[in-house]
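To start, the structure under review is shown below, and the notes come after it.
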Amino acid sequence: MHAKRKIRFTKMHGAGNDFIVLNGIHQDLSGISQQQWQSLAHRQFGIGADQILLVEKTDRPDADFKYRIFNADGGEVEQCGNGSRCFVRFVLDQGLSQKNPLRVEVAHTVLTLKAHDDGQVEVDMGAPIFEPNNIPFIPNGLASMQEFHETLYALPLEHPAMHESFVGVVSMGNPHAVQVVGDIESAPVLLEGAEIERHPAFPKRVNAGYMQIVNRNEIKLRVYERGAGETLACGTGACAAVVSGIRRGLLDSPVKVHTRGGDLQISWNGIVNDVVQNVIMIGPAVTVFEGETEI
């Protein structure tokens with residue numbers, strides 16, 4: 001049985017994707033269990049959030065801070081694009097640093113984050129990953145087809161889709177399966193997303209993205225996030241969708257991404273001289289309220 005303790009928190013959102021942000025530099029957050037993270041994120045019995053973000057010190061000489069991410073189900077994940085924007089806003093607003101841009105350590109890399117004067121935050125999300133082993137993704141036995149530069153895969157599902165369920169697979173530090181749909185509102189995100197999330201081709205599960213092409217510089221997007229369900233916005237999902245759309249020859253950079261919680265702008269210059277270019281995301285980061293709770 002854990003002894004009760006009080007923790008300070010800040011509630012934030014990036015385009016409606018909402019977070020509990022915790023300062024792990026000035027308070028002890030060690031020993032918190034998966035069940036306790038789950039309780040904090042619960043919308044009826046806790047604070048409520050899609051993800052919980054921990055701000056910590058880093059040991060890396062090339063980073064200013066470290067941050068860790070826990071999904072609403074209490075599981076730790078590698079990356080969160082909307083969360084990274086809220087992270088930089090939190091660090092600056094709390095006076096933890098005056099540096100702008102900031103370099104921040106996440107699970108597998110260091111991100112560069114820059115706050116703009118208009119309240120928007122720019123994030124260098126790093127280069128997308130296409131190598132199946134590094135996503136991770138196991139395409140063995142799956143039907144595939146080539147569309148421009150992108151290999152698309154058919155995922156066998158228990159609930160056959162009402163549309164072509166070929167997906168482009170990419171990692172933005174976390175795995176994404178992106179499909180194009182004719183109408184985002186009628187897309188089977190809730191019915192099918194949970195099944196795709198746990199499809200055996202993805203050993204660490206996957207975020208399921210549904211993209212409607214508006215024009216070559218504009219899309220609508222819904223994402224069923226791994227460990228959180230459908231969220232109002234998904235930053236890494238927006239990046240993955242744009243990268244997949246550009247590789248399929250459907251989009252041109254930059255792309256405005258309309259999510260249910262707000263708009264993001266994603267830029268990607270493709271592959272230049274065999275070097276995969278980094279993805280740049282710009283979007284909002286808003287503080288909702290601060291408080292104290294007991295866990």
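Residue numbering restarts at 1 for every chain of the structure tokens, chains are lettered A, B, ... in their displayed order, and ligands are numbered from 1 as they appear.
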Exercise. What's the 7 Å shell around stretch 37-47 of chain A, counting only C-alpha atoms, without same-chain residues fewer than 6 positions away, as a list in words?
Worked result: Ala72, Asp73 and Gly74 of chain A
Write out the residues from the selection above, keeping C-alpha atoms, as a short mmCIF file (atom, residue, chain, number, x, y, z; two decimals), in the first residue's frame.
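Everything below was put into part.cif:
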```cif
data_model
loop_
_atom_site.label_atom_id
_atom_site.label_comp_id
_atom_site.auth_asym_id
_atom_site.auth_seq_id
_atom_site.Cartn_x
_atom_site.Cartn_y
_atom_site.Cartn_z
CA ALA A 72 -4.12 7.34 -19.94
CA ASP A 73 -3.81 3.59 -19.38
CA GLY A 74 -0.70 4.20 -17.24
#
```
For this session: Within stretch 76-287 of chain A, find each residue whose DSSP state, derived from the backbone, is strand (DSSP E), and express the selection as a PyMOL selection string.
Result: chain A and resi 76-77+102-105+110-115+120-124+144-147+150-154+166-171+175-180+207-215+218-225+229-231+255-259+262-267+271-272+275-276+280-284+286-287
Exercise. Closest to A:Val243 among A:Leu190, A:Ala208, A:Ala228, A:Val170, using only C-alpha atoms?
Worked result: A:Val170
For this session: Record the distance separating atom CA of A:Ile138 and atom CA of A:Tyr153, expressed in Å with one decimal.
Result: 10.7 Å
Exercise. Which of stretch 28-237 of chain A counts as alpha helix (DSSP H) under DSSP, as a PyMOL selection string please?
Worked result: chain A and resi 34-41+81-93+189-197+235-237
Problem set entry | Residue among A:Gly48, A:Gly237, A:Gly31, A:Gly283 lying closest to A:Val121, counting only C-alpha atoms |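 When distances to A:Val121 are compared using only C-alpha atoms, the smallest one comes from A:Gly283.
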For this session: Skip A:Pro284 itself and residues of its chain fewer than 6 positions away, then list as a list in words all residues within 8 Å of it, counting only C-alpha atoms.
Result: Gly14, Ala15, Arg85, Gly119, Gln120, Val121 and Leu264 of chain A
Serialized selection, C-alpha atoms, as a short mmCIF file (atom, residue, chain, number, x, y, z; two decimals), in the first residue's frame:
```cif
data_model
loop_
_atom_site.label_atom_id
_atom_site.label_comp_id
_atom_site.auth_asym_id
_atom_site.auth_seq_id
_atom_site.Cartn_x
_atom_site.Cartn_y
_atom_site.Cartn_z
CA GLY A 14 -2.38 21.22 -27.43
CA ALA A 15 -5.23 21.48 -29.95
CA ARG A 85 4.69 21.78 -27.31
CA GLY A 119 1.77 31.63 -28.54
CA GLN A 120 2.44 28.90 -31.11
CA VAL A 121 5.22 26.41 -30.48
CA LEU A 264 -1.49 22.08 -36.78
#
```
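Using only C-alpha atoms, the contacts of stretch 192-197 of chain A at a cut-off of 9 Å, with sequence neighbours closer than 5 positions omitted, comprise Leu155, Leu157, Glu158, His159, Pro160, Ala161, Ala177, Ala187, Phe202, Arg205, Val206, Asn207, Ala208, Gly209, Val223, Tyr224, Glu225, Arg226, Gly227, Gly229 and Glu230 of chain A.
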